[in-house]
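> Structure supplied as final_0.cif; contents: mmCIF, C-alpha atoms.
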```cif
data_protein
loop_
_atom_site.label_atom_id
_atom_site.label_comp_id
_atom_site.auth_asym_id
_atom_site.auth_seq_id
_atom_site.Cartn_x
_atom_site.Cartn_y
_atom_site.Cartn_z
CA ASN D 446 90.52 76.70 91.82
CA GLN D 447 93.94 76.12 90.25
CA LEU D 448 94.18 79.74 89.15
CA ASN D 449 93.30 80.97 92.64
CA GLU D 450 95.79 78.66 94.31
CA SER D 451 98.53 79.72 91.91
CA TYR D 452 97.72 83.43 92.27
CA LYS D 453 97.30 83.60 96.04
CA ALA D 454 99.86 81.05 97.29
CA PHE D 455 102.77 82.31 99.40
CA ARG D 456 105.93 82.83 97.33
CA LEU D 457 108.88 80.90 98.73
CA ASP D 458 111.40 82.78 96.57
CA TYR D 459 110.47 85.99 98.40
CA LEU D 460 111.16 84.27 101.72
CA VAL D 461 114.51 82.90 100.53
CA GLY D 462 115.46 86.33 99.19
CA LEU D 463 114.56 87.99 102.50
CA VAL D 464 116.54 85.45 104.54
CA SER D 465 119.52 85.92 102.20
CA LEU D 466 119.33 89.70 102.62
CA ILE D 467 119.24 89.42 106.43
CA ALA D 468 122.20 87.02 106.37
CA ALA D 469 124.17 89.44 104.18
CA ILE D 470 123.45 92.31 106.60
CA PHE D 471 124.65 90.28 109.60
CA THR D 472 127.92 89.42 107.81
CA PHE D 473 128.49 92.99 106.56
CA ASN D 474 131.12 93.80 109.20
CA ALA D 475 132.57 90.30 109.21
CA ASN D 476 135.12 88.75 106.91
CA THR D 477 134.81 90.09 103.33
CA ASN D 478 135.09 86.64 101.76
CA LEU D 479 132.35 85.32 104.06
CA MET D 480 130.06 88.23 103.13
CA LEU D 481 130.65 87.68 99.40
CA CYS D 482 129.93 83.96 99.78
CA VAL D 483 126.68 84.69 101.62
CA ILE D 484 125.58 87.18 98.94
CA LEU D 485 126.48 84.79 96.10
CA LEU D 486 124.72 81.90 97.82
CA GLY D 487 121.65 84.10 98.36
CA ILE D 488 121.48 85.11 94.69
CA ILE D 489 121.85 81.52 93.49
CA SER D 490 119.34 80.06 95.95
CA THR D 491 116.76 82.81 95.29
CA THR D 492 117.08 82.33 91.52
CA LEU D 493 116.69 78.55 91.77
CA VAL D 494 113.67 78.80 94.06
CA ALA D 495 112.10 81.43 91.77
CA ARG D 496 112.44 79.06 88.79
CA TRP D 497 110.92 76.24 90.83
CA GLU D 498 108.07 78.55 91.89
CA SER D 499 107.42 79.48 88.26
CA HIS D 500 107.31 75.81 87.22
CA ARG D 501 105.06 74.92 90.17
CA ARG D 502 102.61 77.76 89.68
CA THR D 503 102.33 78.07 85.90
CA ILE D 504 99.10 76.70 84.44
CA ASN D 505 98.84 75.83 80.74
CA ILE D 506 95.61 76.87 79.01
CA PHE D 507 95.64 76.03 75.30
CA TYR D 508 92.77 76.72 72.92
CA GLU D 509 91.68 74.84 69.82
CA PHE D 510 89.02 76.71 67.84
CA GLU D 511 86.34 74.86 65.93
CA ASN D 512 83.72 76.04 63.42
CA ASP D 513 83.05 79.76 63.91
CA ASN D 514 84.45 79.99 67.45
CA TYR D 515 87.58 81.80 66.33
CA SER D 516 85.62 84.37 64.33
CA ARG D 517 83.61 85.09 67.49
CA TYR D 518 86.80 85.66 69.42
CA GLU D 519 88.03 87.95 66.65
CA GLN D 520 84.93 90.06 67.26
CA ILE D 521 85.83 90.27 70.96
CA ILE D 522 89.37 91.38 70.05
CA LEU D 523 87.94 93.95 67.62
CA ALA D 524 85.67 95.32 70.35
CA PHE D 525 88.62 95.55 72.74
CA ASN D 526 90.70 97.37 70.12
CA TYR D 527 88.16 100.20 69.94
CA ILE D 528 88.98 100.91 73.59
CA ALA D 529 92.71 100.19 73.40
CA GLU D 530 93.18 102.57 70.45
CA CYS D 531 92.05 105.56 72.52
CA LYS D 532 94.90 107.89 73.49
CA CYS D 533 93.61 108.08 77.06
CA ILE D 534 91.49 105.72 79.16
CA TRP D 535 90.47 106.47 82.73
CA SER D 536 88.84 104.46 85.48
CA LEU D 537 86.04 106.47 87.10
CA LEU D 538 86.36 106.21 90.87
CA THR D 539 84.02 108.72 92.55
CA SER D 540 81.98 111.80 91.70
CA ARG D 541 80.14 114.48 93.66
CA LYS D 542 77.84 117.34 92.73
CA LEU D 543 78.94 120.96 93.23
CA TYR D 544 75.91 122.78 94.63
CA ASN D 545 77.92 125.78 95.92
CA THR D 546 78.42 128.58 93.34
CA HIS D 547 81.78 129.57 94.82
CA GLU D 548 83.06 125.98 94.61
CA SER D 549 81.86 125.71 91.01
CA LYS D 550 83.64 128.95 90.06
CA LEU D 551 86.91 127.60 91.47
CA ASN D 552 86.54 124.45 89.33
CA ALA D 553 86.11 126.03 85.89
CA GLY D 554 82.33 126.24 86.27
CA ALA D 555 81.92 122.47 86.55
CA SER D 556 78.76 121.07 88.13
CA THR D 557 80.38 117.78 89.17
CA LEU D 558 83.83 116.82 90.43
CA ILE D 559 85.01 113.45 89.11
CA ASP D 560 87.86 111.45 90.60
CA ARG D 561 89.50 109.37 87.89
CA LEU D 562 92.71 107.41 87.35
CA ALA D 563 94.51 106.61 84.09
CA ILE D 564 94.46 102.90 83.20
CA SER D 565 96.24 100.79 80.60
CA ALA D 566 95.11 98.51 77.80
CA GLY D 567 97.43 95.96 76.26
CA ARG D 568 98.03 92.28 75.55
CA GLY D 569 99.66 89.43 77.44
CA ASN D 570 98.88 86.51 79.73
CA PRO D 571 97.28 86.34 83.18
CA PRO D 572 99.67 85.83 86.12
CA TRP D 573 101.21 82.34 86.12
CA VAL D 574 99.29 81.33 82.98
CA GLN D 575 100.75 80.19 79.67
CA THR D 576 98.53 80.15 76.58
CA ASN D 577 98.89 79.66 72.83
CA ILE D 578 97.10 82.97 72.08
CA THR D 579 97.63 86.61 73.03
CA ILE D 580 95.07 87.89 75.53
CA PRO D 581 93.71 91.48 75.55
CA ILE D 582 94.09 93.09 79.00
CA LEU D 583 92.51 96.07 80.75
CA LYS D 584 94.23 97.02 84.01
CA THR D 585 92.14 99.26 86.25
CA THR D 586 92.50 100.30 89.88
CA GLY D 587 93.13 97.13 91.87
CA ARG D 588 91.66 94.95 89.13
CA SER D 589 92.86 93.35 85.89
CA LEU D 590 90.51 92.01 83.20
CA TYR D 591 91.71 89.38 80.72
CA PHE D 592 89.45 88.89 77.68
CA MET D 593 89.70 85.13 77.16
CA PRO D 594 87.81 83.27 74.38
CA ASP D 595 85.29 81.82 76.86
CA GLY D 596 84.86 84.78 79.22
CA ILE D 597 86.60 87.53 81.17
CA LEU D 598 89.10 86.45 83.81
CA ILE D 599 89.07 88.96 86.67
CA TYR D 600 92.04 89.34 89.00
CA ASP D 601 91.80 91.48 92.14
CA ASP D 602 92.81 91.34 95.80
CA LYS D 603 90.12 88.74 96.49
CA GLY D 604 91.42 86.28 93.92
CA VAL D 605 90.40 85.13 90.44
CA GLY D 606 86.92 84.92 88.91
CA LEU D 607 85.44 84.21 85.49
CA ILE D 608 82.43 85.94 83.94
CA GLU D 609 81.00 84.56 80.70
CA TYR D 610 80.24 87.08 77.98
CA THR D 611 76.57 86.14 77.96
CA GLY D 612 76.32 87.31 81.58
CA LEU D 613 77.48 90.87 80.88
CA LYS D 614 75.35 94.01 80.88
CA ILE D 615 77.01 96.74 78.81
CA THR D 616 75.88 100.38 78.73
CA PHE D 617 77.52 103.43 77.16
CA ASP D 618 77.11 107.19 77.16
CA THR D 619 78.96 110.41 76.38
CA THR D 620 79.97 113.11 78.82
CA ARG D 621 81.40 116.63 78.67
CA PHE D 622 84.61 117.00 80.66
CA ILE D 623 86.67 120.14 81.37
CA GLU D 624 90.27 119.32 80.51
CA ASP D 625 93.54 121.19 81.03
CA PHE D 626 95.38 118.66 78.86
CA THR D 627 93.49 117.63 75.71
CA PRO D 628 94.18 114.18 74.18
CA SER D 629 94.89 114.38 70.45
CA ASP D 630 91.92 112.14 69.57
CA ALA D 631 89.38 113.96 71.75
CA LYS D 632 86.53 116.02 70.33
CA ILE D 633 86.52 119.59 71.69
CA VAL D 634 82.96 120.92 72.03
CA GLY D 635 83.66 124.19 73.86
CA THR D 636 85.96 126.20 76.10
CA THR D 637 85.84 127.66 79.60
CA TRP D 638 88.14 129.32 82.12
CA LYS D 639 90.06 127.81 85.02
CA TYR D 640 88.28 130.30 87.28
CA ALA D 641 84.94 131.08 85.70
CA ASN D 642 82.19 133.55 86.56
CA VAL D 643 78.55 132.48 86.69
CA ASN D 644 78.01 133.90 83.19
CA GLY D 645 80.90 131.75 81.87
CA GLY D 646 83.43 134.56 81.51
CA PRO D 647 86.84 134.71 83.21
CA ASP D 648 87.12 135.76 86.85
CA ARG D 649 89.45 138.79 86.65
CA ARG D 650 90.56 138.39 90.28
CA PHE D 651 92.92 135.55 89.28
CA ASN D 652 96.09 136.38 87.30
CA ASN D 653 96.80 132.77 86.25
CA ASN D 654 93.34 132.27 84.78
CA SER D 655 93.97 130.04 81.75
CA LYS D 656 91.53 128.88 79.08
CA LEU D 657 90.47 125.22 79.24
CA SER D 658 88.89 122.88 76.70
CA ILE D 659 85.56 121.13 77.14
CA CYS D 660 85.96 117.64 75.65
CA LEU D 661 83.32 115.13 74.66
CA TYR D 662 84.35 111.77 76.10
CA GLY D 663 82.82 108.31 76.04
CA GLU D 664 81.69 106.34 79.09
CA LEU D 665 81.55 102.56 79.25
CA LYS D 666 79.97 100.60 82.07
CA ILE D 667 80.11 96.80 82.29
CA GLU D 668 78.09 94.98 84.94
CA ALA D 669 77.86 91.29 85.78
CA GLN D 670 75.36 89.63 88.09
CA GLY D 671 74.31 93.01 89.47
CA HIS D 672 77.87 94.07 90.33
CA LEU D 673 79.89 96.82 88.64
CA LEU D 674 82.79 95.21 86.80
CA LEU D 675 84.19 98.13 84.83
CA TYR D 676 83.40 101.86 84.62
CA ILE D 677 85.74 103.82 82.35
CA MET D 678 85.99 107.04 80.38
CA THR D 679 87.58 107.12 76.90
CA SER D 680 89.09 110.02 74.96
CA GLN D 681 87.24 108.89 71.82
CA SER D 682 83.57 109.56 72.46
CA ASP D 683 82.29 106.82 70.12
CA ALA D 684 84.58 104.01 71.36
CA PRO D 685 82.16 102.65 74.03
CA LYS D 686 79.31 102.43 71.51
CA LYS D 687 81.54 100.59 69.03
CA PHE D 688 82.62 98.26 71.84
CA LYS D 689 79.03 97.37 72.73
CA ASP D 690 77.99 96.96 69.08
#
```
Give the structure from this file in structure tokens form.

Amino acid sequence: NQLNESYKAFRLDYLVGLVSLIAAIFTFNANTNLMLCVILLGIISTTLVARWESHRRTINIFYEFENDNYSRYEQIILAFNYIAECKCIWSLLTSRKLYNTHESKLNAGASTLIDRLAISAGRGNPPWVQTNITIPILKTTGRSLYFMPDGILIYDDKGVGLIEYTGLKITFDTTRFIEDFTPSDAKIVGTTWKYANVNGGPDRRFNNNSKLSICLYGELKIEAQGHLLLYIMTSQSDAPKKFKD
């Protein structure tokens, strides 16, 4: 509840900053000294309110590890590192089958079109949270996952939630993906053409018909309570399996 209140509460420093900006605009054509005073007052008041907001919102979460609890958390960090060490990580958004031969030829002979978005993996703290440890983070489309010692904190537009590790369902797979830019750590398992014929050869009707790599990527899917929590593709094909193990 505290995390949700801190994350979703209206920010007063934004309001003060907006009012200060409006006041500065209204005094733009007025006396120069008056305008400078308004701008200076706006900067000072916005800064002070922002500091007060930070003090009001920040929640302290400190961990003391006993027995083998820390070694368990080290295993979680190790699992996360297998994903974070990949040169490229993508969030899989949508996919659709290509049943039309013409459409497949225009997409390098692919049978499925996948909509994906690059995501980031790093370390830090959740919004308005101060801890005594560094937290692994995966930031996907509209959602951030913080791998805490006692579960995954999930931040999205609906608020904050916590899923314990025992409640996760993790599955992995590999997939072949046609790539025009090949990550340095990807395994290339074949080649094709940007515009391919049915037999796999180049379509000579296109002058800019370049050769493309077919990469073997990894897929990781994490579900919790029947809902999809994370569905990503990794440039290292074995990273999802190592993560689950």
> What does the distance between atom CA of D:Met593 and atom CA of D:Asn446 come to in Å, to one decimal place?
16.9 Å
> Determine the residue membership of the PyMOL selection byres ((chain D and resi 521) around 12) for the file above and supply it as a CSV table (one decimal) with C-alpha atoms, in the coordinates of the input.

```
chain,number,residue,atom,x,y,z
D,514,ASN,CA,84.4,80.0,67.4
D,515,TYR,CA,87.6,81.8,66.3
D,516,SER,CA,85.6,84.4,64.3
D,517,ARG,CA,83.6,85.1,67.5
D,518,TYR,CA,86.8,85.7,69.4
D,519,GLU,CA,88.0,88.0,66.6
D,520,GLN,CA,84.9,90.1,67.3
D,522,ILE,CA,89.4,91.4,70.0
D,523,LEU,CA,87.9,94.0,67.6
D,524,ALA,CA,85.7,95.3,70.4
D,525,PHE,CA,88.6,95.6,72.7
D,526,ASN,CA,90.7,97.4,70.1
D,527,TYR,CA,88.2,100.2,69.9
D,528,ILE,CA,89.0,100.9,73.6
D,580,ILE,CA,95.1,87.9,75.5
D,581,PRO,CA,93.7,91.5,75.6
D,582,ILE,CA,94.1,93.1,79.0
D,591,TYR,CA,91.7,89.4,80.7
D,592,PHE,CA,89.4,88.9,77.7
D,593,MET,CA,89.7,85.1,77.2
D,594,PRO,CA,87.8,83.3,74.4
D,595,ASP,CA,85.3,81.8,76.9
D,596,GLY,CA,84.9,84.8,79.2
D,597,ILE,CA,86.6,87.5,81.2
D,610,TYR,CA,80.2,87.1,78.0
D,687,LYS,CA,81.5,100.6,69.0
D,688,PHE,CA,82.6,98.3,71.8
D,689,LYS,CA,79.0,97.4,72.7
D,690,ASP,CA,78.0,97.0,69.1
```
> Have a look at D:Ile470, D:Ile504, D:Leu463, D:Leu665 and name the one nearest to D:Gln575; count all atoms listed in the file.
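With all atoms listed in the file as the atom set, the closest residue is D:Ile504.
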> Might you spell out which residues the PyMOL selection byres ((chain D and resi 663) around 8) would select in the displayed file, as a PDB file with C-alpha atoms, in the frame of the given file?

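See expr33.pdb below for the written result:
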```
ATOM      1  CA  PHE D 617      77.520 103.430  77.160  1.00  0.00           C
ATOM      2  CA  ASP D 618      77.110 107.190  77.160  1.00  0.00           C
ATOM      3  CA  THR D 619      78.960 110.410  76.380  1.00  0.00           C
ATOM      4  CA  THR D 620      79.970 113.110  78.820  1.00  0.00           C
ATOM      5  CA  LEU D 661      83.320 115.130  74.660  1.00  0.00           C
ATOM      6  CA  TYR D 662      84.350 111.770  76.100  1.00  0.00           C
ATOM      7  CA  GLU D 664      81.690 106.340  79.090  1.00  0.00           C
ATOM      8  CA  LEU D 665      81.550 102.560  79.250  1.00  0.00           C
ATOM      9  CA  MET D 678      85.990 107.040  80.380  1.00  0.00           C
ATOM     10  CA  THR D 679      87.580 107.120  76.900  1.00  0.00           C
ATOM     11  CA  SER D 680      89.090 110.020  74.960  1.00  0.00           C
ATOM     12  CA  GLN D 681      87.240 108.890  71.820  1.00  0.00           C
ATOM     13  CA  SER D 682      83.570 109.560  72.460  1.00  0.00           C
ATOM     14  CA  ASP D 683      82.290 106.820  70.120  1.00  0.00           C
ATOM     15  CA  ALA D 684      84.580 104.010  71.360  1.00  0.00           C
ATOM     16  CA  PRO D 685      82.160 102.650  74.030  1.00  0.00           C
TER      17      PRO D 685
END
```
> Using the chain letters and numbering of this document, enumerate as a PDB file with C-alpha atoms, in the frame of the given file the residues selected by the PyMOL selection byres ((chain D and resi 491) around 12).

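Produced file part.pdb, reproduced below:
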```pdb
ATOM      1  CA  ARG D 456     105.930  82.830  97.330  1.00  0.00           C
ATOM      2  CA  LEU D 457     108.880  80.900  98.730  1.00  0.00           C
ATOM      3  CA  ASP D 458     111.400  82.780  96.570  1.00  0.00           C
ATOM      4  CA  TYR D 459     110.470  85.990  98.400  1.00  0.00           C
ATOM      5  CA  LEU D 460     111.160  84.270 101.720  1.00  0.00           C
ATOM      6  CA  VAL D 461     114.510  82.900 100.530  1.00  0.00           C
ATOM      7  CA  GLY D 462     115.460  86.330  99.190  1.00  0.00           C
ATOM      8  CA  LEU D 463     114.560  87.990 102.500  1.00  0.00           C
ATOM      9  CA  VAL D 464     116.540  85.450 104.540  1.00  0.00           C
ATOM     10  CA  SER D 465     119.520  85.920 102.200  1.00  0.00           C
ATOM     11  CA  LEU D 466     119.330  89.700 102.620  1.00  0.00           C
ATOM     12  CA  VAL D 483     126.680  84.690 101.620  1.00  0.00           C
ATOM     13  CA  ILE D 484     125.580  87.180  98.940  1.00  0.00           C
ATOM     14  CA  LEU D 485     126.480  84.790  96.100  1.00  0.00           C
ATOM     15  CA  LEU D 486     124.720  81.900  97.820  1.00  0.00           C
ATOM     16  CA  GLY D 487     121.650  84.100  98.360  1.00  0.00           C
ATOM     17  CA  ILE D 488     121.480  85.110  94.690  1.00  0.00           C
ATOM     18  CA  ILE D 489     121.850  81.520  93.490  1.00  0.00           C
ATOM     19  CA  SER D 490     119.340  80.060  95.950  1.00  0.00           C
ATOM     20  CA  THR D 492     117.080  82.330  91.520  1.00  0.00           C
ATOM     21  CA  LEU D 493     116.690  78.550  91.770  1.00  0.00           C
ATOM     22  CA  VAL D 494     113.670  78.800  94.060  1.00  0.00           C
ATOM     23  CA  ALA D 495     112.100  81.430  91.770  1.00  0.00           C
ATOM     24  CA  ARG D 496     112.440  79.060  88.790  1.00  0.00           C
ATOM     25  CA  TRP D 497     110.920  76.240  90.830  1.00  0.00           C
ATOM     26  CA  GLU D 498     108.070  78.550  91.890  1.00  0.00           C
TER      27      GLU D 498
END
```
> Which residue is closest to D:Thr636? Choose from D:Leu562, D:Ile667, D:Ala469, D:Cys660 and count only C-alpha atoms.
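For D:Thr636, the nearest of the given residues is D:Cys660.
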> Show me, as a PyMOL selection string, the residues that have an atom within 8 Å of D:Glu624 when counting all atoms listed in the file, minus same-chain residues fewer than 6 positions from it.
chain D and resi 657-660
> Could you tell me how far atom CA of D:Ala566 lies from atom CA of D:Lys584, in Å and to one decimal?
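Atom CA of D:Lys584 lies at a distance of 6.4 Å from atom CA of D:Ala566.
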> Let me make sure I understand: among D:Leu448, D:Ala669, D:Ala454, D:Cys531, which one has the smallest atom-to-atom distance to D:Leu613 if we use all atoms listed in the file?
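Answer, going by the shortest atom-to-atom distance: D:Ala669.
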> Rounded to one decimal in Å, what is the spacing between atom CA of D:Asp625 and atom CA of D:Leu674?
28.7 Å
> Between D:Lys532, D:His500, D:His672, D:Lys453, which is the closest to D:Ile615 once you count all atoms listed in the file?
D:His672
> I need the residue nearest D:Gln670 from this list: D:Val634, D:Ile623, D:Ile608, D:Leu590. Use all atoms listed in the file for the distance.
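Answer, going by the shortest atom-to-atom distance: D:Ile608.
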> Give me the residues near D:Thr585 as a PDB file with C-alpha atoms, in the frame of the given file, where near means some atom within 12 Å (using all atoms listed in the file) and where sequence neighbours in that chain fewer than 5 positions away do not count.

```pdb
ATOM      1  CA  ILE D 534      91.490 105.720  79.160  1.00  0.00           C
ATOM      2  CA  TRP D 535      90.470 106.470  82.730  1.00  0.00           C
ATOM      3  CA  SER D 536      88.840 104.460  85.480  1.00  0.00           C
ATOM      4  CA  LEU D 537      86.040 106.470  87.100  1.00  0.00           C
ATOM      5  CA  LEU D 538      86.360 106.210  90.870  1.00  0.00           C
ATOM      6  CA  ARG D 561      89.500 109.370  87.890  1.00  0.00           C
ATOM      7  CA  LEU D 562      92.710 107.410  87.350  1.00  0.00           C
ATOM      8  CA  ALA D 563      94.510 106.610  84.090  1.00  0.00           C
ATOM      9  CA  ILE D 564      94.460 102.900  83.200  1.00  0.00           C
ATOM     10  CA  SER D 565      96.240 100.790  80.600  1.00  0.00           C
ATOM     11  CA  ALA D 566      95.110  98.510  77.800  1.00  0.00           C
ATOM     12  CA  GLY D 567      97.430  95.960  76.260  1.00  0.00           C
ATOM     13  CA  LEU D 590      90.510  92.010  83.200  1.00  0.00           C
ATOM     14  CA  TYR D 591      91.710  89.380  80.720  1.00  0.00           C
ATOM     15  CA  ILE D 599      89.070  88.960  86.670  1.00  0.00           C
ATOM     16  CA  TYR D 600      92.040  89.340  89.000  1.00  0.00           C
ATOM     17  CA  ASP D 601      91.800  91.480  92.140  1.00  0.00           C
ATOM     18  CA  LEU D 674      82.790  95.210  86.800  1.00  0.00           C
ATOM     19  CA  LEU D 675      84.190  98.130  84.830  1.00  0.00           C
ATOM     20  CA  TYR D 676      83.400 101.860  84.620  1.00  0.00           C
ATOM     21  CA  ILE D 677      85.740 103.820  82.350  1.00  0.00           C
ATOM     22  CA  MET D 678      85.990 107.040  80.380  1.00  0.00           C
TER      23      MET D 678
END
```
> Just the residues within 10 Å of D:Gln447, please, counting all atoms listed in the file, with nothing from its chain fewer than 3 positions along; format it as a PyMOL selection string.
chain D and resi 450-452+502-504+605
> Would it be fine to have stretch 519-528 of chain D, with all heavy atoms, given as a short mmCIF file (atom, residue, chain, number, x, y, z; two decimals), in the first residue's frame?

```cif
data_model
loop_
_atom_site.label_atom_id
_atom_site.label_comp_id
_atom_site.auth_asym_id
_atom_site.auth_seq_id
_atom_site.Cartn_x
_atom_site.Cartn_y
_atom_site.Cartn_z
N GLU D 519 21.80 -14.65 -4.18
CA GLU D 519 22.91 -14.66 -5.13
C GLU D 519 22.56 -15.51 -6.35
O GLU D 519 22.95 -15.18 -7.48
CB GLU D 519 24.18 -15.20 -4.46
CG GLU D 519 24.87 -14.20 -3.54
CD GLU D 519 26.16 -14.75 -2.97
OE1 GLU D 519 26.16 -15.93 -2.57
OE2 GLU D 519 27.15 -14.02 -2.92
N GLN D 520 21.81 -16.59 -6.14
CA GLN D 520 21.37 -17.42 -7.26
C GLN D 520 20.40 -16.66 -8.16
O GLN D 520 20.41 -16.81 -9.38
CB GLN D 520 20.71 -18.71 -6.73
CG GLN D 520 21.66 -19.66 -6.05
CD GLN D 520 22.74 -20.17 -6.99
OE1 GLN D 520 22.45 -20.57 -8.11
NE2 GLN D 520 23.98 -20.14 -6.55
N ILE D 521 19.54 -15.84 -7.55
CA ILE D 521 18.61 -15.02 -8.33
C ILE D 521 19.38 -14.00 -9.16
O ILE D 521 19.08 -13.79 -10.34
CB ILE D 521 17.60 -14.32 -7.39
CG1 ILE D 521 16.70 -15.36 -6.73
CG2 ILE D 521 16.76 -13.28 -8.14
CD1 ILE D 521 15.83 -14.81 -5.62
N ILE D 522 20.40 -13.38 -8.56
CA ILE D 522 21.22 -12.41 -9.28
C ILE D 522 21.97 -13.10 -10.42
O ILE D 522 22.08 -12.57 -11.53
CB ILE D 522 22.20 -11.72 -8.32
CG1 ILE D 522 21.43 -10.87 -7.30
CG2 ILE D 522 23.20 -10.86 -9.09
CD1 ILE D 522 22.31 -10.25 -6.23
N LEU D 523 22.48 -14.31 -10.16
CA LEU D 523 23.18 -15.07 -11.19
C LEU D 523 22.25 -15.37 -12.36
O LEU D 523 22.64 -15.23 -13.53
CB LEU D 523 23.73 -16.36 -10.60
CG LEU D 523 24.45 -17.31 -11.58
CD1 LEU D 523 25.67 -16.64 -12.18
CD2 LEU D 523 24.83 -18.61 -10.87
N ALA D 524 21.02 -15.78 -12.06
CA ALA D 524 20.04 -16.06 -13.10
C ALA D 524 19.76 -14.82 -13.93
O ALA D 524 19.70 -14.86 -15.16
CB ALA D 524 18.74 -16.58 -12.47
N PHE D 525 19.60 -13.68 -13.25
CA PHE D 525 19.34 -12.42 -13.94
C PHE D 525 20.52 -12.06 -14.85
O PHE D 525 20.32 -11.57 -15.97
CB PHE D 525 19.12 -11.31 -12.91
CG PHE D 525 19.03 -9.93 -13.51
CD1 PHE D 525 17.83 -9.45 -14.02
CD2 PHE D 525 20.15 -9.12 -13.57
CE1 PHE D 525 17.76 -8.19 -14.58
CE2 PHE D 525 20.09 -7.85 -14.12
CZ PHE D 525 18.89 -7.39 -14.63
N ASN D 526 21.74 -12.31 -14.39
CA ASN D 526 22.92 -11.94 -15.16
C ASN D 526 23.00 -12.69 -16.49
O ASN D 526 23.54 -12.16 -17.48
CB ASN D 526 24.19 -12.19 -14.36
CG ASN D 526 24.39 -11.17 -13.24
OD1 ASN D 526 23.78 -10.11 -13.26
ND2 ASN D 526 25.21 -11.50 -12.26
N TYR D 527 22.48 -13.90 -16.54
CA TYR D 527 22.47 -14.63 -17.81
C TYR D 527 21.67 -13.87 -18.86
O TYR D 527 22.00 -13.89 -20.05
CB TYR D 527 21.87 -16.03 -17.62
CG TYR D 527 22.79 -17.01 -16.92
CD1 TYR D 527 22.37 -17.70 -15.79
CD2 TYR D 527 24.09 -17.23 -17.39
CE1 TYR D 527 23.22 -18.60 -15.14
CE2 TYR D 527 24.94 -18.12 -16.75
CZ TYR D 527 24.49 -18.80 -15.63
OH TYR D 527 25.33 -19.68 -14.99
N ILE D 528 20.60 -13.20 -18.44
CA ILE D 528 19.80 -12.40 -19.36
C ILE D 528 20.48 -11.06 -19.63
O ILE D 528 20.58 -10.61 -20.78
CB ILE D 528 18.39 -12.17 -18.79
CG1 ILE D 528 17.69 -13.51 -18.52
CG2 ILE D 528 17.54 -11.31 -19.73
CD1 ILE D 528 17.48 -14.37 -19.74
#
```
